[in-house]
Amino acid sequence: MPESIPASLIVDTLKDLFAKERGGARREPLGWVLSVPDTHQKTVLAALDKEPDKQRGIRVLTCATEDEATGIAAGLWIGGEPVVMMIQHAGLYASVNTLRGIAMDGKVPTFYLIGLLSREKDKDPRESRHSMVRFAEPLLDTFGVPHARLEGPDDVHLIPEYYRLSRERRGPAALLVGLETS
Amino acid sequence: MAMRPEDVLRAIAAARGDAICIPTMTTAPAWREIAPDDLSITCTGFMGGASTLGLGIALARPDRRVIVFDGDGSLLMQLGSLATIAGARARNLVHLLFKNGVYHTSGAQEIPGGFAVDFVQMAKGAGYREASTIKDIGEFRRRLPSMLTAEGPLFVELITGLSEQTPMTVRGAGTPFHQQVETLRTRLAASA
């Protein structure tokens with residue numbers, strides 16, 4: 001059965017990932033999270049907002065749409081900055097053309113944490129009664145976007161793995177957050 | 001009389017220094033001819049995305065001026081980007097809007113609201129540091145130096161006629177988008 005992941009664990013994982021991406025260089029901010037706020041990951045966003053050193057740490061930029069977030073992520077990467085996007089499955093559907101045009105055609109590494117809002121704990125997402133849950137993985141498959149599920153605290157190692165996969169492949173990669181973070 | 005887009009682009013090319021330029025749609029073909037360098041990325045295929053691509057570069061490289069050449073039809077596709085850009089407070093971003101009132105590339109159909117849409121008021125309302133309109137090439141040339149140094153984000157609506165070319169009339173020309181991306185990233189890394 002899937003488990004909720006503590007927000008602090010995800011925040012610490014992102015900090016570690018960004019620090020390694022910086023190669024030890026002291027830069028401000030440490031890295032970027034581009035968010036179109038996702039109910040499923042709201043505790044992570046709240047934790048990032050409460051970080052005592054957030055000016056120097058992870059900078060969160062709230063975007064009006066996932067299209068915008070994808071464009072900004074591309075620009076940050078072009079400029080050499082580490083960046084993670086936190087969105088919801090509905091936002092993935094809304095921004096498919098930008099994913100194709102920028103992340104895929106532009107060969108821009110783009111890493112998504114995608115919340116599966118309304119995913120039933122006792123069901124495989126592909127068998128969900130909610131279309132927005134059910135279609136997320138098939139959509140990613142259609143576009144050839146590598147993806148995996150974050151189904152509990154033991155899976156957070158996938159965050160740096162898929163982030164780096166997006167860099168190696170020069171394209172999009174996604175992790176689906178199975179349950180609401182705690 | 002509306003400005004010719006090509007005249008505006010030539011003035012920018014002459015004054016920009018090492019500013020990074022992000023043309024989209026109908027400014028893209030002319031810019032490739034006027035400024036065939038590796039400090040630009042032309043955005044086609046994801047209409048509306050130029051402003052946020054430019055914002056990302058501006059945030060990553062606050063030491064460089066970033067100039068977005070947006071279109072009115074393009075901006076309408078991601079109108080919320082005005083608030084996102086203003087909220088991000090990118091001090092080095094100049095957002096130029098080439099306003100011609102139509103979707104030139106697809107056959108010059110009028111945009112929703114036509115020429116009456118007041119993008120300057122929208123940018124001001126979103127929180128841009130400055131937003132204004134320029135209708136005359138002489139005024140544009142006079143104000144361009146301050147656009148390249150003043151604290152942003154700046155928004156300038158340029159009243160223009162139609163460009164001589166569109167991405168459809170010169171289809172397939174130019175360096176592929178992914179190569180432009182790679183070249184600019186490499187160039188910026190070398191100057192970091």
# chains A, B, ... in the order shown; residues from 1 in each chain; ligands from 1
$ interface_residues --of "chain B" --to "chain A" --cutoff "8 Å" --atoms "only C-alpha atoms" --output "list in words"
Gly45, Phe46, Gly49, Ala50, Thr52, Leu53, Gly54, Leu55, Gly56, Ile57, Ala58, Leu59, Ala60, Arg61, Gln78, Gly80, Ser81, Ala83, Thr84, Ala88, Phe177, His178, Gln179, Val181, Glu182, Leu184, Arg185, Leu188 and Ala189 of chain B
$ residues_around --residues "segment 120-129 of chain B" --least-positions-apart "4" --cutoff "8 Å" --atoms "only C-alpha atoms" --output "ChimeraX atom specification"
/B:82-83,85-87,133,151-157
$ write_last_selection --atoms "N, CA and C atoms" --output "PDB file, in the first residue's frame"
ATOM      1  N   LEU B  82       2.292  37.850 -17.479  1.00  0.00           N
ATOM      2  CA  LEU B  82       2.544  39.229 -17.034  1.00  0.00           C
ATOM      3  C   LEU B  82       2.665  39.267 -15.504  1.00  0.00           C
ATOM      4  N   ALA B  83       1.750  38.588 -14.828  1.00  0.00           N
ATOM      5  CA  ALA B  83       1.799  38.572 -13.365  1.00  0.00           C
ATOM      6  C   ALA B  83       2.991  37.766 -12.860  1.00  0.00           C
ATOM      7  N   ILE B  85       5.884  37.299 -14.375  1.00  0.00           N
ATOM      8  CA  ILE B  85       7.108  38.080 -14.615  1.00  0.00           C
ATOM      9  C   ILE B  85       7.224  39.213 -13.595  1.00  0.00           C
ATOM     10  N   ALA B  86       6.130  39.925 -13.398  1.00  0.00           N
ATOM     11  CA  ALA B  86       6.170  41.031 -12.430  1.00  0.00           C
ATOM     12  C   ALA B  86       6.473  40.505 -11.031  1.00  0.00           C
ATOM     13  N   GLY B  87       5.860  39.391 -10.675  1.00  0.00           N
ATOM     14  CA  GLY B  87       6.075  38.818  -9.341  1.00  0.00           C
ATOM     15  C   GLY B  87       7.499  38.343  -9.136  1.00  0.00           C
ATOM     16  N   THR B 133       3.812  52.853 -24.286  1.00  0.00           N
ATOM     17  CA  THR B 133       3.600  52.589 -25.716  1.00  0.00           C
ATOM     18  C   THR B 133       4.514  53.479 -26.548  1.00  0.00           C
ATOM     19  N   GLU B 151      16.057  49.691 -14.602  1.00  0.00           N
ATOM     20  CA  GLU B 151      15.640  48.542 -13.806  1.00  0.00           C
ATOM     21  C   GLU B 151      14.281  48.025 -14.271  1.00  0.00           C
ATOM     22  N   GLY B 152      14.178  46.731 -14.462  1.00  0.00           N
ATOM     23  CA  GLY B 152      12.947  46.125 -14.943  1.00  0.00           C
ATOM     24  C   GLY B 152      12.195  45.418 -13.839  1.00  0.00           C
ATOM     25  N   PRO B 153      11.204  44.670 -14.223  1.00  0.00           N
ATOM     26  CA  PRO B 153      10.830  44.383 -15.608  1.00  0.00           C
ATOM     27  C   PRO B 153      10.146  45.573 -16.287  1.00  0.00           C
ATOM     28  N   LEU B 154      10.542  45.772 -17.539  1.00  0.00           N
ATOM     29  CA  LEU B 154       9.979  46.842 -18.354  1.00  0.00           C
ATOM     30  C   LEU B 154       9.076  46.239 -19.433  1.00  0.00           C
ATOM     31  N   PHE B 155       8.012  46.937 -19.713  1.00  0.00           N
ATOM     32  CA  PHE B 155       7.099  46.495 -20.772  1.00  0.00           C
ATOM     33  C   PHE B 155       6.914  47.649 -21.740  1.00  0.00           C
ATOM     34  N   VAL B 156       7.164  47.389 -23.011  1.00  0.00           N
ATOM     35  CA  VAL B 156       6.981  48.444 -24.022  1.00  0.00           C
ATOM     36  C   VAL B 156       6.155  47.887 -25.169  1.00  0.00           C
ATOM     37  N   GLU B 157       5.013  48.494 -25.359  1.00  0.00           N
ATOM     38  CA  GLU B 157       4.131  48.110 -26.470  1.00  0.00           C
ATOM     39  C   GLU B 157       4.542  48.913 -27.696  1.00  0.00           C
TER      40      GLU B 157
END
$ closest_atom_pairs --of "segment 84-177 of chain B" --to "segment 14-36 of chain B" --cutoff "10 Å" --atoms "only C-alpha atoms" --output "JSON lines"
{"residue": "B:Asn92", "atom": "CA", "partner": "B:Ala19", "partner_atom": "CA", "distance": 9.6}
{"residue": "B:Leu93", "atom": "CA", "partner": "B:Ile20", "partner_atom": "CA", "distance": 9.8}
{"residue": "B:Val94", "atom": "CA", "partner": "B:Cys21", "partner_atom": "CA", "distance": 9.5}
{"residue": "B:His95", "atom": "CA", "partner": "B:Ile22", "partner_atom": "CA", "distance": 9.6}
{"residue": "B:Leu96", "atom": "CA", "partner": "B:Pro23", "partner_atom": "CA", "distance": 9.6}
{"residue": "B:Phe98", "atom": "CA", "partner": "B:Thr27", "partner_atom": "CA", "distance": 8.4}
{"residue": "B:Tyr103", "atom": "CA", "partner": "B:Thr26", "partner_atom": "CA", "distance": 9.3}
{"residue": "B:His104", "atom": "CA", "partner": "B:Thr26", "partner_atom": "CA", "distance": 7.2}
{"residue": "B:Thr105", "atom": "CA", "partner": "B:Thr26", "partner_atom": "CA", "distance": 6.7}
{"residue": "B:Arg141", "atom": "CA", "partner": "B:Ala15", "partner_atom": "CA", "distance": 9.2}
{"residue": "B:Leu144", "atom": "CA", "partner": "B:Ala15", "partner_atom": "CA", "distance": 7.7}
{"residue": "B:Pro145", "atom": "CA", "partner": "B:Ala15", "partner_atom": "CA", "distance": 7.2}
{"residue": "B:Met147", "atom": "CA", "partner": "B:Arg16", "partner_atom": "CA", "distance": 9.8}
{"residue": "B:Leu148", "atom": "CA", "partner": "B:Arg16", "partner_atom": "CA", "distance": 7.1}
{"residue": "B:Leu162", "atom": "CA", "partner": "B:Thr26", "partner_atom": "CA", "distance": 8.3}
{"residue": "B:Ser163", "atom": "CA", "partner": "B:Thr26", "partner_atom": "CA", "distance": 6.4}
{"residue": "B:Glu164", "atom": "CA", "partner": "B:Ala30", "partner_atom": "CA", "distance": 7.9}
{"residue": "B:Gln165", "atom": "CA", "partner": "B:Pro29", "partner_atom": "CA", "distance": 6.4}
{"residue": "B:Thr166", "atom": "CA", "partner": "B:Thr26", "partner_atom": "CA", "distance": 4.6}
{"residue": "B:Pro167", "atom": "CA", "partner": "B:Met25", "partner_atom": "CA", "distance": 6.2}
{"residue": "B:Met168", "atom": "CA", "partner": "B:Thr26", "partner_atom": "CA", "distance": 9.0}
{"residue": "B:Thr169", "atom": "CA", "partner": "B:Pro29", "partner_atom": "CA", "distance": 9.0}
{"residue": "B:Val170", "atom": "CA", "partner": "B:Pro29", "partner_atom": "CA", "distance": 7.2}
{"residue": "B:Arg171", "atom": "CA", "partner": "B:Pro29", "partner_atom": "CA", "distance": 9.2}
{"residue": "B:Ala173", "atom": "CA", "partner": "B:Pro29", "partner_atom": "CA", "distance": 8.0}
{"residue": "B:Gly174", "atom": "CA", "partner": "B:Arg32", "partner_atom": "CA", "distance": 7.1}
{"residue": "B:Thr175", "atom": "CA", "partner": "B:Arg32", "partner_atom": "CA", "distance": 9.1}
$ select_by_dssp --residues "chain A" --states "helix (DSSP H, G or I)" --output "MDAnalysis selection string"
chainID A and resid 7:22 39:49 66:78 89:94 96:104 125:127 131:134 136:142 153:155 158:169
$ select_by_dssp --residues "chain A" --states "strand (DSSP E)" --output "number ranges by chain"
A: 31-35, 58-62, 83-88, 110-115, 147-150, 172-177
$ write_last_selection --atoms "N, CA, C and O atoms" --output "short mmCIF file (atom, residue, chain, number, x, y, z; two decimals), in the first residue's frame"
data_model
loop_
_atom_site.label_atom_id
_atom_site.label_comp_id
_atom_site.auth_asym_id
_atom_site.auth_seq_id
_atom_site.Cartn_x
_atom_site.Cartn_y
_atom_site.Cartn_z
N GLY A 31 18.83 26.48 -5.40
CA GLY A 31 18.14 25.90 -6.55
C GLY A 31 16.72 26.47 -6.61
O GLY A 31 16.33 27.28 -5.77
N TRP A 32 15.99 26.04 -7.62
CA TRP A 32 14.67 26.61 -7.89
C TRP A 32 13.59 25.53 -7.88
O TRP A 32 13.79 24.45 -8.43
N VAL A 33 12.47 25.87 -7.28
CA VAL A 33 11.26 25.08 -7.43
C VAL A 33 10.23 25.96 -8.13
O VAL A 33 9.92 27.05 -7.65
N LEU A 34 9.75 25.51 -9.27
CA LEU A 34 8.70 26.22 -9.99
C LEU A 34 7.40 25.50 -9.72
O LEU A 34 7.27 24.30 -9.98
N SER A 35 6.46 26.23 -9.17
CA SER A 35 5.24 25.58 -8.71
C SER A 35 4.00 26.25 -9.29
O SER A 35 3.91 27.47 -9.33
N ILE A 58 16.35 27.25 -1.24
CA ILE A 58 15.57 26.95 -2.44
C ILE A 58 14.58 28.10 -2.67
O ILE A 58 13.78 28.44 -1.80
N ARG A 59 14.64 28.68 -3.87
CA ARG A 59 13.70 29.74 -4.19
C ARG A 59 12.50 29.14 -4.90
O ARG A 59 12.66 28.44 -5.91
N VAL A 60 11.33 29.42 -4.36
CA VAL A 60 10.09 28.94 -4.96
C VAL A 60 9.48 30.07 -5.77
O VAL A 60 9.29 31.18 -5.27
N LEU A 61 9.19 29.78 -7.03
CA LEU A 61 8.53 30.77 -7.88
C LEU A 61 7.17 30.19 -8.29
O LEU A 61 7.10 29.15 -8.94
N THR A 62 6.14 30.86 -7.85
CA THR A 62 4.79 30.41 -8.21
C THR A 62 4.43 30.96 -9.58
O THR A 62 4.56 32.15 -9.85
N VAL A 83 16.77 23.21 -11.36
CA VAL A 83 15.35 23.55 -11.20
C VAL A 83 14.49 22.30 -11.23
O VAL A 83 14.75 21.35 -11.98
N VAL A 84 13.47 22.30 -10.36
CA VAL A 84 12.47 21.23 -10.29
C VAL A 84 11.09 21.87 -10.41
O VAL A 84 10.86 22.95 -9.87
N MET A 85 10.21 21.20 -11.13
CA MET A 85 8.83 21.69 -11.24
C MET A 85 7.91 20.85 -10.38
O MET A 85 8.02 19.62 -10.36
N MET A 86 7.00 21.50 -9.65
CA MET A 86 6.00 20.79 -8.84
C MET A 86 4.62 21.21 -9.34
O MET A 86 4.21 22.35 -9.16
N ILE A 87 3.93 20.25 -9.95
CA ILE A 87 2.63 20.57 -10.55
C ILE A 87 1.65 19.44 -10.23
O ILE A 87 1.98 18.47 -9.56
N GLN A 88 0.46 19.58 -10.75
CA GLN A 88 -0.59 18.59 -10.57
C GLN A 88 -0.88 17.91 -11.92
O GLN A 88 -0.56 18.49 -12.97
N THR A 110 13.89 18.56 -18.22
CA THR A 110 12.76 19.13 -17.49
C THR A 110 12.25 18.05 -16.53
O THR A 110 11.79 17.00 -16.96
N PHE A 111 12.37 18.34 -15.24
CA PHE A 111 12.00 17.33 -14.24
C PHE A 111 10.74 17.77 -13.50
O PHE A 111 10.69 18.85 -12.95
N TYR A 112 9.76 16.88 -13.50
CA TYR A 112 8.46 17.18 -12.90
C TYR A 112 8.19 16.29 -11.68
O TYR A 112 8.42 15.07 -11.74
N LEU A 113 7.69 16.91 -10.61
CA LEU A 113 7.01 16.17 -9.55
C LEU A 113 5.52 16.45 -9.75
O LEU A 113 5.09 17.60 -9.67
N ILE A 114 4.76 15.40 -10.03
CA ILE A 114 3.36 15.58 -10.42
C ILE A 114 2.45 14.93 -9.38
O ILE A 114 2.52 13.71 -9.16
N GLY A 115 1.63 15.71 -8.74
CA GLY A 115 0.71 15.18 -7.73
C GLY A 115 -0.49 14.50 -8.36
O GLY A 115 -1.11 15.04 -9.26
N HIS A 147 8.97 7.79 -16.40
CA HIS A 147 8.29 8.19 -15.17
C HIS A 147 8.29 7.04 -14.17
O HIS A 147 8.50 5.88 -14.55
N ALA A 148 8.06 7.38 -12.91
CA ALA A 148 7.93 6.39 -11.84
C ALA A 148 7.04 6.97 -10.77
O ALA A 148 6.70 8.16 -10.82
N ARG A 149 6.66 6.11 -9.83
CA ARG A 149 5.77 6.57 -8.77
C ARG A 149 6.54 6.77 -7.47
O ARG A 149 7.38 5.94 -7.11
N LEU A 150 6.20 7.84 -6.78
CA LEU A 150 6.67 8.04 -5.41
C LEU A 150 5.57 7.51 -4.50
O LEU A 150 4.58 8.18 -4.26
N PRO A 172 12.27 15.53 -20.93
CA PRO A 172 11.47 15.47 -19.71
C PRO A 172 11.59 14.14 -18.98
O PRO A 172 11.88 13.10 -19.59
N ALA A 173 11.39 14.18 -17.67
CA ALA A 173 11.25 12.99 -16.83
C ALA A 173 10.33 13.38 -15.68
O ALA A 173 10.31 14.55 -15.27
N ALA A 174 9.57 12.41 -15.18
CA ALA A 174 8.54 12.76 -14.19
C ALA A 174 8.44 11.73 -13.09
O ALA A 174 8.63 10.53 -13.33
N LEU A 175 8.13 12.21 -11.89
CA LEU A 175 7.75 11.34 -10.78
C LEU A 175 6.33 11.70 -10.37
O LEU A 175 5.99 12.89 -10.26
N LEU A 176 5.54 10.68 -10.17
CA LEU A 176 4.14 10.88 -9.79
C LEU A 176 4.00 10.67 -8.28
O LEU A 176 4.35 9.61 -7.77
N VAL A 177 3.53 11.70 -7.61
CA VAL A 177 3.40 11.65 -6.15
C VAL A 177 2.07 10.98 -5.83
O VAL A 177 1.00 11.53 -6.05
#
$ atom_distance --atom1 "atom CA of Gly138 of chain B" --atom2 "atom CA of Lys99 of chain B"
17.2 Å
$ closest_residue --among "A:Arg27, A:Arg169, A:His130, A:Lys123" --to "Gly57 of chain A" --atoms "only C-alpha atoms"
A:Arg27
$ residues_around --residues "Lys135 of chain B" --least-positions-apart "6" --cutoff "10 Å" --atoms "only C-alpha atoms" --output "PyMOL selection string"
chain B and resi 1-3+99+157-160
$ write_last_selection --atoms "all heavy atoms" --output "PDB file, in the first residue's frame"
ATOM      1  N   MET B   1       1.763  56.793 -38.279  1.00  0.00           N
ATOM      2  CA  MET B   1       2.051  55.601 -39.083  1.00  0.00           C
ATOM      3  C   MET B   1       2.756  54.550 -38.229  1.00  0.00           C
ATOM      4  O   MET B   1       3.661  54.869 -37.452  1.00  0.00           O
ATOM      5  CB  MET B   1       2.944  56.000 -40.268  1.00  0.00           C
ATOM      6  CG  MET B   1       3.260  54.850 -41.185  1.00  0.00           C
ATOM      7  SD  MET B   1       4.224  55.433 -42.610  1.00  0.00           S
ATOM      8  CE  MET B   1       4.834  53.879 -43.244  1.00  0.00           C
ATOM      9  N   ALA B   2       2.325  53.313 -38.355  1.00  0.00           N
ATOM     10  CA  ALA B   2       2.913  52.243 -37.545  1.00  0.00           C
ATOM     11  C   ALA B   2       4.372  52.008 -37.939  1.00  0.00           C
ATOM     12  O   ALA B   2       4.760  52.217 -39.086  1.00  0.00           O
ATOM     13  CB  ALA B   2       2.110  50.959 -37.749  1.00  0.00           C
ATOM     14  N   MET B   3       5.141  51.575 -36.957  1.00  0.00           N
ATOM     15  CA  MET B   3       6.554  51.281 -37.225  1.00  0.00           C
ATOM     16  C   MET B   3       6.693  49.990 -38.034  1.00  0.00           C
ATOM     17  O   MET B   3       5.854  49.080 -37.921  1.00  0.00           O
ATOM     18  CB  MET B   3       7.305  51.119 -35.900  1.00  0.00           C
ATOM     19  CG  MET B   3       7.393  52.399 -35.094  1.00  0.00           C
ATOM     20  SD  MET B   3       8.374  52.182 -33.588  1.00  0.00           S
ATOM     21  CE  MET B   3       7.197  51.312 -32.541  1.00  0.00           C
ATOM     22  N   LYS B  99       2.910  44.965 -31.437  1.00  0.00           N
ATOM     23  CA  LYS B  99       1.447  44.943 -31.520  1.00  0.00           C
ATOM     24  C   LYS B  99       0.998  45.287 -32.935  1.00  0.00           C
ATOM     25  O   LYS B  99       1.175  46.423 -33.390  1.00  0.00           O
ATOM     26  CB  LYS B  99       0.863  45.945 -30.524  1.00  0.00           C
ATOM     27  CG  LYS B  99      -0.657  45.949 -30.450  1.00  0.00           C
ATOM     28  CD  LYS B  99      -1.134  46.964 -29.420  1.00  0.00           C
ATOM     29  CE  LYS B  99      -2.653  46.926 -29.270  1.00  0.00           C
ATOM     30  NZ  LYS B  99      -3.111  47.954 -28.310  1.00  0.00           N
ATOM     31  N   GLU B 157       5.013  48.494 -25.359  1.00  0.00           N
ATOM     32  CA  GLU B 157       4.131  48.110 -26.470  1.00  0.00           C
ATOM     33  C   GLU B 157       4.542  48.913 -27.696  1.00  0.00           C
ATOM     34  O   GLU B 157       4.575  50.142 -27.655  1.00  0.00           O
ATOM     35  CB  GLU B 157       2.685  48.435 -26.075  1.00  0.00           C
ATOM     36  CG  GLU B 157       1.647  48.109 -27.111  1.00  0.00           C
ATOM     37  CD  GLU B 157       0.283  48.606 -26.672  1.00  0.00           C
ATOM     38  OE1 GLU B 157       0.037  49.827 -26.729  1.00  0.00           O
ATOM     39  OE2 GLU B 157      -0.529  47.778 -26.245  1.00  0.00           O
ATOM     40  N   LEU B 158       4.871  48.215 -28.764  1.00  0.00           N
ATOM     41  CA  LEU B 158       5.337  48.856 -29.996  1.00  0.00           C
ATOM     42  C   LEU B 158       4.241  48.728 -31.052  1.00  0.00           C
ATOM     43  O   LEU B 158       3.853  47.609 -31.415  1.00  0.00           O
ATOM     44  CB  LEU B 158       6.616  48.167 -30.489  1.00  0.00           C
ATOM     45  CG  LEU B 158       7.748  48.063 -29.467  1.00  0.00           C
ATOM     46  CD1 LEU B 158       8.852  47.146 -29.984  1.00  0.00           C
ATOM     47  CD2 LEU B 158       8.294  49.445 -29.138  1.00  0.00           C
ATOM     48  N   ILE B 159       3.763  49.850 -31.514  1.00  0.00           N
ATOM     49  CA  ILE B 159       2.709  49.822 -32.535  1.00  0.00           C
ATOM     50  C   ILE B 159       3.376  49.620 -33.891  1.00  0.00           C
ATOM     51  O   ILE B 159       4.087  50.498 -34.386  1.00  0.00           O
ATOM     52  CB  ILE B 159       1.891  51.131 -32.535  1.00  0.00           C
ATOM     53  CG1 ILE B 159       1.358  51.424 -31.122  1.00  0.00           C
ATOM     54  CG2 ILE B 159       0.760  51.051 -33.550  1.00  0.00           C
ATOM     55  CD1 ILE B 159       0.487  50.329 -30.534  1.00  0.00           C
ATOM     56  N   THR B 160       3.178  48.454 -34.448  1.00  0.00           N
ATOM     57  CA  THR B 160       3.876  48.103 -35.687  1.00  0.00           C
ATOM     58  C   THR B 160       2.905  47.642 -36.772  1.00  0.00           C
ATOM     59  O   THR B 160       1.790  47.202 -36.487  1.00  0.00           O
ATOM     60  CB  THR B 160       4.901  46.964 -35.464  1.00  0.00           C
ATOM     61  OG1 THR B 160       4.196  45.761 -35.181  1.00  0.00           O
ATOM     62  CG2 THR B 160       5.862  47.279 -34.334  1.00  0.00           C
TER      63      THR B 160
END
$ atom_distance --atom1 "atom CA of Leu48 of chain A" --atom2 "atom CA of Gly23 of chain A"
21.9 Å
$ decode --residues "segment 159-175 of chain A" --atoms "N, CA and C atoms" --output "PDB file, in the first residue's frame"
ATOM      1  N   ILE A 159      13.993  10.784  -6.709  1.00  0.00           N
ATOM      2  CA  ILE A 159      14.025  12.214  -7.069  1.00  0.00           C
ATOM      3  C   ILE A 159      15.358  12.569  -7.733  1.00  0.00           C
ATOM      4  N   PRO A 160      16.489  12.342  -7.088  1.00  0.00           N
ATOM      5  CA  PRO A 160      17.742  12.633  -7.813  1.00  0.00           C
ATOM      6  C   PRO A 160      17.946  11.738  -9.034  1.00  0.00           C
ATOM      7  N   GLU A 161      17.453  10.508  -8.976  1.00  0.00           N
ATOM      8  CA  GLU A 161      17.657   9.606 -10.120  1.00  0.00           C
ATOM      9  C   GLU A 161      16.940  10.120 -11.370  1.00  0.00           C
ATOM     10  N   TYR A 162      15.688  10.508 -11.205  1.00  0.00           N
ATOM     11  CA  TYR A 162      14.935  10.970 -12.378  1.00  0.00           C
ATOM     12  C   TYR A 162      15.324  12.386 -12.786  1.00  0.00           C
ATOM     13  N   TYR A 163      15.742  13.175 -11.811  1.00  0.00           N
ATOM     14  CA  TYR A 163      16.274  14.497 -12.163  1.00  0.00           C
ATOM     15  C   TYR A 163      17.476  14.318 -13.089  1.00  0.00           C
ATOM     16  N   ARG A 164      18.391  13.443 -12.685  1.00  0.00           N
ATOM     17  CA  ARG A 164      19.603  13.242 -13.494  1.00  0.00           C
ATOM     18  C   ARG A 164      19.282  12.544 -14.804  1.00  0.00           C
ATOM     19  N   LEU A 165      18.268  11.685 -14.775  1.00  0.00           N
ATOM     20  CA  LEU A 165      17.836  11.045 -16.025  1.00  0.00           C
ATOM     21  C   LEU A 165      17.389  12.096 -17.040  1.00  0.00           C
ATOM     22  N   SER A 166      16.659  13.104 -16.556  1.00  0.00           N
ATOM     23  CA  SER A 166      16.220  14.170 -17.474  1.00  0.00           C
ATOM     24  C   SER A 166      17.427  14.884 -18.069  1.00  0.00           C
ATOM     25  N   ARG A 167      18.490  15.048 -17.274  1.00  0.00           N
ATOM     26  CA  ARG A 167      19.711  15.713 -17.770  1.00  0.00           C
ATOM     27  C   ARG A 167      20.439  14.815 -18.766  1.00  0.00           C
ATOM     28  N   GLU A 168      20.510  13.541 -18.453  1.00  0.00           N
ATOM     29  CA  GLU A 168      21.220  12.611 -19.339  1.00  0.00           C
ATOM     30  C   GLU A 168      20.496  12.458 -20.680  1.00  0.00           C
ATOM     31  N   ARG A 169      19.174  12.400 -20.609  1.00  0.00           N
ATOM     32  CA  ARG A 169      18.384  12.203 -21.829  1.00  0.00           C
ATOM     33  C   ARG A 169      18.144  13.496 -22.604  1.00  0.00           C
ATOM     34  N   ARG A 170      18.412  14.617 -21.920  1.00  0.00           N
ATOM     35  CA  ARG A 170      18.097  15.918 -22.500  1.00  0.00           C
ATOM     36  C   ARG A 170      16.622  15.971 -22.912  1.00  0.00           C
ATOM     37  N   GLY A 171      15.777  15.811 -21.893  1.00  0.00           N
ATOM     38  CA  GLY A 171      14.345  15.860 -22.148  1.00  0.00           C
ATOM     39  C   GLY A 171      13.578  15.758 -20.848  1.00  0.00           C
ATOM     40  N   PRO A 172      12.274  15.533 -20.926  1.00  0.00           N
ATOM     41  CA  PRO A 172      11.475  15.471 -19.714  1.00  0.00           C
ATOM     42  C   PRO A 172      11.592  14.140 -18.979  1.00  0.00           C
ATOM     43  N   ALA A 173      11.389  14.179 -17.666  1.00  0.00           N
ATOM     44  CA  ALA A 173      11.245  12.986 -16.832  1.00  0.00           C
ATOM     45  C   ALA A 173      10.327  13.377 -15.680  1.00  0.00           C
ATOM     46  N   ALA A 174       9.571  12.410 -15.183  1.00  0.00           N
ATOM     47  CA  ALA A 174       8.545  12.761 -14.193  1.00  0.00           C
ATOM     48  C   ALA A 174       8.439  11.726 -13.088  1.00  0.00           C
ATOM     49  N   LEU A 175       8.130  12.209 -11.894  1.00  0.00           N
ATOM     50  CA  LEU A 175       7.751  11.343 -10.781  1.00  0.00           C
ATOM     51  C   LEU A 175       6.329  11.705 -10.372  1.00  0.00           C
TER      52      LEU A 175
END
